Amino acid sequence: MIENKRVNLWAILISLMICVLIALDMVGDYREGVHWQHLLLELGILSLSLSGIVYFWRLYCLSAQAKIALLRHDLELANRQARHWRDANRDLIVGLAKQIQQQFDSWQLTRAEAEVGMFMLKGLSHAQIAELRHSSERTIRDQARAIYRKAGVNNRIELSAFFLEDLLMPNGPQSEADEN
């Protein structure tokens with residue numbers, strides 16, 4: 001599909017160049033008083049060139065629309081899969097959120113710090129969090145540093161790992177068997 005778009009763009013560009021060159025030639029021929037039959041022939045070639053531009057532009061647009069339709073389909077599929085996963089794991093998600101909030105409480109995070117912490121765990125950048133909370137990025141960075149200090153971690157990765165490390169089995173199901 002990408003190759004077709006390139007071909008269409010090149011065809012449009014070439015047709016446009018032909019159009020411009022023929023138009024310039026026609027102007028020059030007209031000034032020189034060339035016979036009207038010659039001008040009529042060049043007008044026909046100009047019309048064909050314009051038709052080429054329209055034709056290849058239409059192909060280009062159809063190709064772009066097909067790509068957009070495919071992306072929309074893929075997005076809808078991904079959204080359906082995400083909804084299915086959330087529905088299937090709703091109790092676990094609610095339980096995890098409660099456990100995270102309890103841990104935030106044990107670290108004595110302020111309400112604002114806890115909200116920032118949740119946004120950070122969801123993967124939002126400081127700029128995105130600042131926009132959502134209607135505050136400055138500097139405030140969010142200061143709150144993030146306070147969270148790291150109270151949690152005893154150094155960065156966002158360690159904060160996320162604190163909550164995820166026990167959920168993920170490090171070496172697969174045989175880890176417990178190997179320890180016994």
# chains A, B, ... in the order shown; residues from 1 in each chain; ligands from 1
>>> select_by_dssp(residues="chain A", states="alpha helix (DSSP H)", output="NGL selection string")
:A and (2-32 or 36-88 or 90-106 or 111-121 or 126-133 or 137-151 or 156-164 or 175-179)
>>> closest_atom_pairs(of="stretch 47-165 of chain A", to="stretch 20-39 of chain A", cutoff="12 Å", atoms="only C-alpha atoms", output="Markdown table")
| residue | atom | partner | partner_atom | distance |
| --- | --- | --- | --- | --- |
| A:Ser47 | CA | A:Ile22 | CA | 10.0 |
| A:Leu48 | CA | A:Ile22 | CA | 11.0 |
| A:Ser49 | CA | A:Ile22 | CA | 9.1 |
| A:Leu50 | CA | A:Val20 | CA | 10.0 |
| A:Ile53 | CA | A:Val20 | CA | 11.9 |
>>> residues_around(residues="stretch 150-159 of chain A", least_positions_apart="6", cutoff="10 Å", atoms="only C-alpha atoms", output="list in words")
Gln103, Phe104, Ser106, Trp107, Gln108, Leu109, Gly117, Met120, Leu121, Gly123, Ala144 and Glu165 of chain A
>>> write_last_selection(atoms="all heavy atoms", output="short mmCIF file (atom, residue, chain, number, x, y, z; two decimals), in the first residue's frame")
data_model
loop_
_atom_site.label_atom_id
_atom_site.label_comp_id
_atom_site.auth_asym_id
_atom_site.auth_seq_id
_atom_site.Cartn_x
_atom_site.Cartn_y
_atom_site.Cartn_z
N GLN A 103 -1.14 1.31 50.41
CA GLN A 103 0.30 1.53 50.49
C GLN A 103 0.61 3.02 50.49
O GLN A 103 1.44 3.48 51.25
CB GLN A 103 1.03 0.84 49.34
CG GLN A 103 2.54 0.88 49.46
CD GLN A 103 3.04 0.21 50.73
OE1 GLN A 103 2.71 -0.93 51.02
NE2 GLN A 103 3.83 0.93 51.50
N PHE A 104 -0.11 3.78 49.67
CA PHE A 104 0.07 5.23 49.66
C PHE A 104 -0.25 5.81 51.04
O PHE A 104 0.46 6.69 51.53
CB PHE A 104 -0.81 5.89 48.60
CG PHE A 104 -0.33 5.75 47.18
CD1 PHE A 104 -1.11 6.20 46.12
CD2 PHE A 104 0.91 5.18 46.86
CE1 PHE A 104 -0.69 6.09 44.82
CE2 PHE A 104 1.34 5.06 45.55
CZ PHE A 104 0.54 5.52 44.52
N SER A 106 -0.01 4.21 53.88
CA SER A 106 1.04 3.83 54.83
C SER A 106 2.30 4.68 54.63
O SER A 106 3.06 4.89 55.57
CB SER A 106 1.37 2.34 54.73
OG SER A 106 2.12 2.07 53.58
N TRP A 107 2.51 5.18 53.44
CA TRP A 107 3.64 6.08 53.19
C TRP A 107 3.30 7.52 53.59
O TRP A 107 4.13 8.40 53.51
CB TRP A 107 4.02 6.08 51.71
CG TRP A 107 4.71 4.84 51.24
CD1 TRP A 107 5.45 3.96 51.98
CD2 TRP A 107 4.72 4.34 49.90
NE1 TRP A 107 5.92 2.95 51.19
CE2 TRP A 107 5.49 3.16 49.90
CE3 TRP A 107 4.16 4.75 48.71
CZ2 TRP A 107 5.71 2.40 48.76
CZ3 TRP A 107 4.39 4.01 47.57
CH2 TRP A 107 5.16 2.84 47.60
N GLN A 108 2.06 7.72 53.99
CA GLN A 108 1.55 9.03 54.41
C GLN A 108 1.64 10.06 53.29
O GLN A 108 2.04 11.21 53.50
CB GLN A 108 2.27 9.52 55.67
CG GLN A 108 2.06 8.59 56.84
CD GLN A 108 2.79 9.05 58.08
OE1 GLN A 108 3.63 9.94 58.05
NE2 GLN A 108 2.45 8.42 59.20
N LEU A 109 1.25 9.63 52.09
CA LEU A 109 1.19 10.56 50.97
C LEU A 109 -0.01 11.47 51.15
O LEU A 109 -1.06 11.04 51.62
CB LEU A 109 1.06 9.83 49.63
CG LEU A 109 2.17 8.86 49.22
CD1 LEU A 109 1.90 8.33 47.81
CD2 LEU A 109 3.54 9.52 49.27
N GLY A 117 0.80 10.01 42.15
CA GLY A 117 1.36 8.67 42.13
C GLY A 117 0.56 7.72 41.25
O GLY A 117 1.13 6.94 40.49
N MET A 120 1.23 8.53 37.70
CA MET A 120 2.57 8.06 37.30
C MET A 120 2.54 6.56 37.06
O MET A 120 3.15 6.07 36.11
CB MET A 120 3.59 8.43 38.38
CG MET A 120 3.91 9.90 38.40
SD MET A 120 5.09 10.50 39.64
CE MET A 120 5.75 9.10 40.41
N LEU A 121 1.85 5.81 37.91
CA LEU A 121 1.75 4.36 37.73
C LEU A 121 1.00 4.02 36.44
O LEU A 121 1.26 2.97 35.85
CB LEU A 121 1.05 3.71 38.93
CG LEU A 121 1.87 3.69 40.22
CD1 LEU A 121 1.01 3.18 41.38
CD2 LEU A 121 3.13 2.86 40.06
N GLY A 123 1.44 5.64 33.80
CA GLY A 123 2.36 5.93 32.71
C GLY A 123 2.29 7.34 32.14
O GLY A 123 2.89 7.62 31.11
N ALA A 144 6.39 14.33 42.79
CA ALA A 144 6.97 13.03 42.44
C ALA A 144 8.19 12.75 43.33
O ALA A 144 8.35 11.64 43.84
CB ALA A 144 7.36 12.99 40.96
N GLU A 165 6.41 -6.19 41.17
CA GLU A 165 7.37 -7.29 41.27
C GLU A 165 6.78 -8.57 41.85
O GLU A 165 7.13 -9.66 41.42
CB GLU A 165 8.62 -6.87 42.05
CG GLU A 165 8.38 -6.58 43.51
CD GLU A 165 9.65 -6.09 44.19
OE1 GLU A 165 10.74 -6.42 43.72
OE2 GLU A 165 9.53 -5.36 45.18
#
>>> atom_distance(atom1="atom CA of A:Phe119", atom2="atom CA of A:His73")
28.5 Å
